[in-house]
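Everything below concerns the one structure shown next.
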Amino acid sequence: MFYSFELEQYLGELLPEREELLKEMESQSLQETIPVVTPPVGNFLAFLVNMSHASRILEIGTAIGYSTLWLARGFEGREGKITTIDLNVDRAKRAVGYFKRAGIEDQVEVLFGDARKIIPTLKGDFDFVFVDAAKGEYLDYLNLVLPCIAPGGMLVVDNVLFRGWVVPGSKFAPKYDRLVGHLREFLTNLTQNPDFQTSVLPLGDGVSVSIRKH
């Protein structure tokens with residue numbers, strides 16, 4: 001995380017009591033080292049969906065469906081649909097089980113496969129897109145989802161600061177050079193895109209929030 005674990009833990013403690021299913025998923029992700037958003041980021045996602053009145057959401061990176069549940073919570077009883085994509089079939093199938101237990105299976109469409117191949121086949125605009133998948137492919141996802149985001153729609157991307165290593169002068173293992181380079185390129189392209197107004201927040205491992213201009 002970009003800031004201390006203690007601060008993230010404190011932010012999590014400030015949240016309202018989470019339902020047992022979310023806690024179970026958090027425990028599973030820790031035990032199996034499955035990358036999911038932190039509870040404060042999940043709460044932020046629900047807040048953004050609620051605030052924006054989004055009704056058609058695209059999620060790139062399902063994992064076991066933890067962030068999907070938070071996105072669905074943002075509907076607050078409104079009609080809404082989430083299309084979520086993941087390459088890991090086993091994890092995505094587990095997510096389907098969680099969706100059924102949460103009672104949101106009718107709101108979620110799960111697509112198995114490479115998002116870079118699936119996104120061009122999707123029909124219609126989305127008013128909210130959330131990306132939390134392979135970090136080295138973020139620029140690919142950005143270029144693919146741009147035509148899919150409706151005017152006034154929101155693009156939210158997780159892990160954009162990647163432990164703070166995107167900051168020039170940061171020291172990290174050479175094996176991360178290419179990944180960090182990709183993330184820096186993604187952030188430059190996103191923040192300089194004239195079609196979007198973007199803010200990058202040091203929440204969790206870094207979250208970018210972009211609104212497509214009308």
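Following the order of the structure tokens, first chain is A, next is B, and so on, with residues numbered from 1 inside each chain and ligands from 1 in the order they appear.
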
- Message: Considering only strand (DSSP E or B) as DSSP defines it on the backbone, what residues of range 122-171 of chain A qualify? List them as a list in words.
- Response: Phe126, Asp127, Phe128, Val129, Phe130, Val131, Ile149, Ala150, Pro151, Gly152, Gly153, Met154, Leu155, Val156, Val157 and Asp158 of chain A

Expected file contents, prior selection, all heavy atoms, as a compact mmCIF listing (two decimals), in the first residue's frame:
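What landed in result-v7.txt:
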```
# COMPACT_ATOMS: atom_id res chain seq x y z
N PHE A 126 -21.33 2.14 -21.06
CA PHE A 126 -21.34 1.92 -19.62
C PHE A 126 -21.18 3.27 -18.94
O PHE A 126 -20.43 4.12 -19.40
CB PHE A 126 -20.20 0.99 -19.20
CG PHE A 126 -20.35 -0.43 -19.70
CD1 PHE A 126 -19.82 -0.79 -20.94
CD2 PHE A 126 -21.03 -1.38 -18.96
CE1 PHE A 126 -19.96 -2.09 -21.42
CE2 PHE A 126 -21.18 -2.67 -19.44
CZ PHE A 126 -20.65 -3.03 -20.67
N ASP A 127 -21.89 3.45 -17.82
CA ASP A 127 -21.75 4.72 -17.11
C ASP A 127 -20.79 4.62 -15.94
O ASP A 127 -20.54 5.61 -15.24
CB ASP A 127 -23.10 5.29 -16.66
CG ASP A 127 -24.00 4.25 -15.99
OD1 ASP A 127 -23.47 3.26 -15.47
OD2 ASP A 127 -25.22 4.46 -15.98
N PHE A 128 -20.21 3.43 -15.75
CA PHE A 128 -19.20 3.24 -14.69
C PHE A 128 -18.34 2.05 -15.09
O PHE A 128 -18.85 0.98 -15.38
CB PHE A 128 -19.89 2.96 -13.35
CG PHE A 128 -19.00 3.08 -12.14
CD1 PHE A 128 -19.10 4.19 -11.30
CD2 PHE A 128 -18.07 2.11 -11.83
CE1 PHE A 128 -18.29 4.31 -10.16
CE2 PHE A 128 -17.26 2.21 -10.71
CZ PHE A 128 -17.37 3.32 -9.87
N VAL A 129 -17.03 2.27 -15.10
CA VAL A 129 -16.08 1.19 -15.42
C VAL A 129 -15.06 1.11 -14.29
O VAL A 129 -14.47 2.13 -13.90
CB VAL A 129 -15.35 1.43 -16.75
CG1 VAL A 129 -14.30 0.34 -17.00
CG2 VAL A 129 -16.35 1.46 -17.91
N PHE A 130 -14.87 -0.09 -13.75
CA PHE A 130 -13.88 -0.31 -12.70
C PHE A 130 -12.84 -1.31 -13.19
O PHE A 130 -13.19 -2.39 -13.67
CB PHE A 130 -14.54 -0.83 -11.42
CG PHE A 130 -13.54 -1.17 -10.34
CD1 PHE A 130 -12.64 -0.21 -9.86
CD2 PHE A 130 -13.48 -2.44 -9.79
CE1 PHE A 130 -11.71 -0.52 -8.88
CE2 PHE A 130 -12.56 -2.76 -8.80
CZ PHE A 130 -11.68 -1.80 -8.34
N VAL A 131 -11.57 -0.94 -13.06
CA VAL A 131 -10.48 -1.80 -13.53
C VAL A 131 -9.59 -2.21 -12.36
O VAL A 131 -9.07 -1.36 -11.63
CB VAL A 131 -9.62 -1.07 -14.59
CG1 VAL A 131 -8.49 -1.99 -15.07
CG2 VAL A 131 -10.47 -0.61 -15.76
N ILE A 149 -17.37 4.20 -22.59
CA ILE A 149 -17.81 5.00 -21.46
C ILE A 149 -18.70 6.14 -21.94
O ILE A 149 -18.31 6.94 -22.78
CB ILE A 149 -16.61 5.57 -20.67
CG1 ILE A 149 -15.71 4.43 -20.19
CG2 ILE A 149 -17.08 6.41 -19.49
CD1 ILE A 149 -14.43 4.89 -19.51
N ALA A 150 -19.89 6.20 -21.39
CA ALA A 150 -20.86 7.23 -21.79
C ALA A 150 -20.39 8.61 -21.33
O ALA A 150 -19.66 8.72 -20.35
CB ALA A 150 -22.22 6.91 -21.19
N PRO A 151 -20.78 9.67 -22.03
CA PRO A 151 -20.48 11.03 -21.55
C PRO A 151 -20.99 11.22 -20.13
O PRO A 151 -22.11 10.83 -19.81
CB PRO A 151 -21.23 11.92 -22.54
CG PRO A 151 -21.32 11.10 -23.79
CD PRO A 151 -21.51 9.68 -23.31
N GLY A 152 -20.13 11.74 -19.26
CA GLY A 152 -20.49 11.87 -17.85
C GLY A 152 -20.22 10.61 -17.06
O GLY A 152 -20.37 10.60 -15.83
N GLY A 153 -19.80 9.54 -17.76
CA GLY A 153 -19.51 8.27 -17.10
C GLY A 153 -18.20 8.33 -16.33
O GLY A 153 -17.37 9.21 -16.53
N MET A 154 -18.01 7.35 -15.46
CA MET A 154 -16.87 7.33 -14.56
C MET A 154 -15.97 6.12 -14.82
O MET A 154 -16.46 5.02 -15.06
CB MET A 154 -17.37 7.32 -13.11
CG MET A 154 -16.32 7.57 -12.06
SD MET A 154 -17.07 7.76 -10.40
CE MET A 154 -17.89 9.35 -10.59
N LEU A 155 -14.66 6.35 -14.78
CA LEU A 155 -13.66 5.29 -14.89
C LEU A 155 -12.84 5.29 -13.60
O LEU A 155 -12.24 6.31 -13.24
CB LEU A 155 -12.75 5.53 -16.09
CG LEU A 155 -11.50 4.65 -16.18
CD1 LEU A 155 -11.87 3.18 -16.40
CD2 LEU A 155 -10.58 5.13 -17.32
N VAL A 156 -12.83 4.16 -12.90
CA VAL A 156 -12.10 4.04 -11.64
C VAL A 156 -11.10 2.89 -11.78
O VAL A 156 -11.47 1.79 -12.23
CB VAL A 156 -13.06 3.76 -10.46
CG1 VAL A 156 -12.29 3.68 -9.15
CG2 VAL A 156 -14.13 4.84 -10.40
N VAL A 157 -9.85 3.14 -11.41
CA VAL A 157 -8.80 2.13 -11.58
C VAL A 157 -8.05 1.97 -10.26
O VAL A 157 -7.65 2.95 -9.63
CB VAL A 157 -7.82 2.53 -12.70
CG1 VAL A 157 -6.81 1.41 -12.95
CG2 VAL A 157 -8.57 2.86 -13.99
N ASP A 158 -7.86 0.73 -9.84
CA ASP A 158 -7.19 0.43 -8.56
C ASP A 158 -5.71 0.13 -8.78
O ASP A 158 -5.28 -0.23 -9.88
CB ASP A 158 -7.87 -0.76 -7.89
CG ASP A 158 -7.48 -0.90 -6.42
OD1 ASP A 158 -7.20 0.12 -5.77
OD2 ASP A 158 -7.45 -2.05 -5.92
```

- Message: For a test of reading the model, state the distance in Å between CA of Glu24 in chain A and CA of Val36 in chain A, rounded to one decimal.
- Response: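 So the two atoms, CA of Glu24 in chain A and CA of Val36 in chain A, lie 12.7 Å apart.
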
- Item | Contacts of Ala92 in chain A at 12 Å (only C-alpha atoms; same-chain gap of 6+ positions) as an MDAnalysis selection string | chainID A and resid 34 60:66 68 84:86 98:99 108:113

Skip Pro194 in chain A itself and residues of its chain fewer than 6 positions away, then list as a PDB file with C-alpha atoms, in the first residue's frame all residues within 12 Å of it, counting only C-alpha atoms.
```pdb
ATOM      1  CA  LEU A 146     -12.639   4.683 -23.825  1.00  0.00           C
ATOM      2  CA  THR A 188       0.485   9.812 -18.010  1.00  0.00           C
ATOM      3  CA  SER A 210     -11.917   9.908 -14.041  1.00  0.00           C
ATOM      4  CA  ILE A 211     -15.107  11.469 -15.359  1.00  0.00           C
ATOM      5  CA  ARG A 212     -15.720  11.575 -19.087  1.00  0.00           C
ATOM      6  CA  LYS A 213     -16.508  15.101 -20.184  1.00  0.00           C
ATOM      7  CA  HIS A 214     -19.811  15.779 -21.955  1.00  0.00           C
TER       8      HIS A 214
END
```

- Message: I'd like the contact shell of range 43-57 of chain A - 6 Å cut-off, only C-alpha atoms, skipping same-chain residues fewer than 2 positions apart - returned as JSON, numbers by chain.
- Response: {"A": [40, 41, 70, 71, 73, 74, 75, 80, 81, 82, 126, 127, 128, 129]}

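The residue that comes closest to Val37 in chain A, out of A:Lys93, A:Pro168, A:Leu139, A:Leu203 and on the basis of only C-alpha atoms, is A:Leu203.
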
- Item | Of the listed residues A:Pro174, A:Gly124, A:Gly181, A:Gly42, that which approaches Gly12 in chain A most closely, counting only C-alpha atoms |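 Distance minimum relative to Gly12 in chain A lands on A:Gly42.
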
- Message: Please list as a ChimeraX atom specification every residue within 10 Å of Asn143 in chain A, counting only C-alpha atoms and excluding residues in the same chain fewer than 5 positions away.
- Response: /A:116,138,148,186,189-190

- Given the choices A:Leu69, A:Leu30, A:Leu142, A:Lys175, which gets closest to Gly103 in chain A if the distance is worked out from only C-alpha atoms? A:Leu69

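Using only C-alpha atoms, the shortest contact distance between Ala134 in chain A and any of A:Leu58, A:Leu11, A:Leu122, A:Leu183 is found at A:Leu183.
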
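Distances to Pro120 in chain A were evaluated for A:Glu19, A:Gln31, A:Gln107, A:Tyr141 using only C-alpha atoms, and the minimum falls at A:Tyr141.
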
- What separation in Å, quoted to one decimal, exists between CA of Val160 in chain A and CA of Val207 in chain A?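 Separation between CA of Val160 in chain A and CA of Val207 in chain A: 5.9 Å.
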
- Return the single residue from A:Glu76, A:Arg178, A:Pro202, A:Glu32 that is closest to Leu7 in chain A, with distances computed using only C-alpha atoms.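 So, comparing all the options, the nearest one is A:Pro202.
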
- Message: Between CA of Asp90 in chain A and CA of Ile104 in chain A, what distance in Å does the model show, to one decimal?
- Response: 19.3 Å
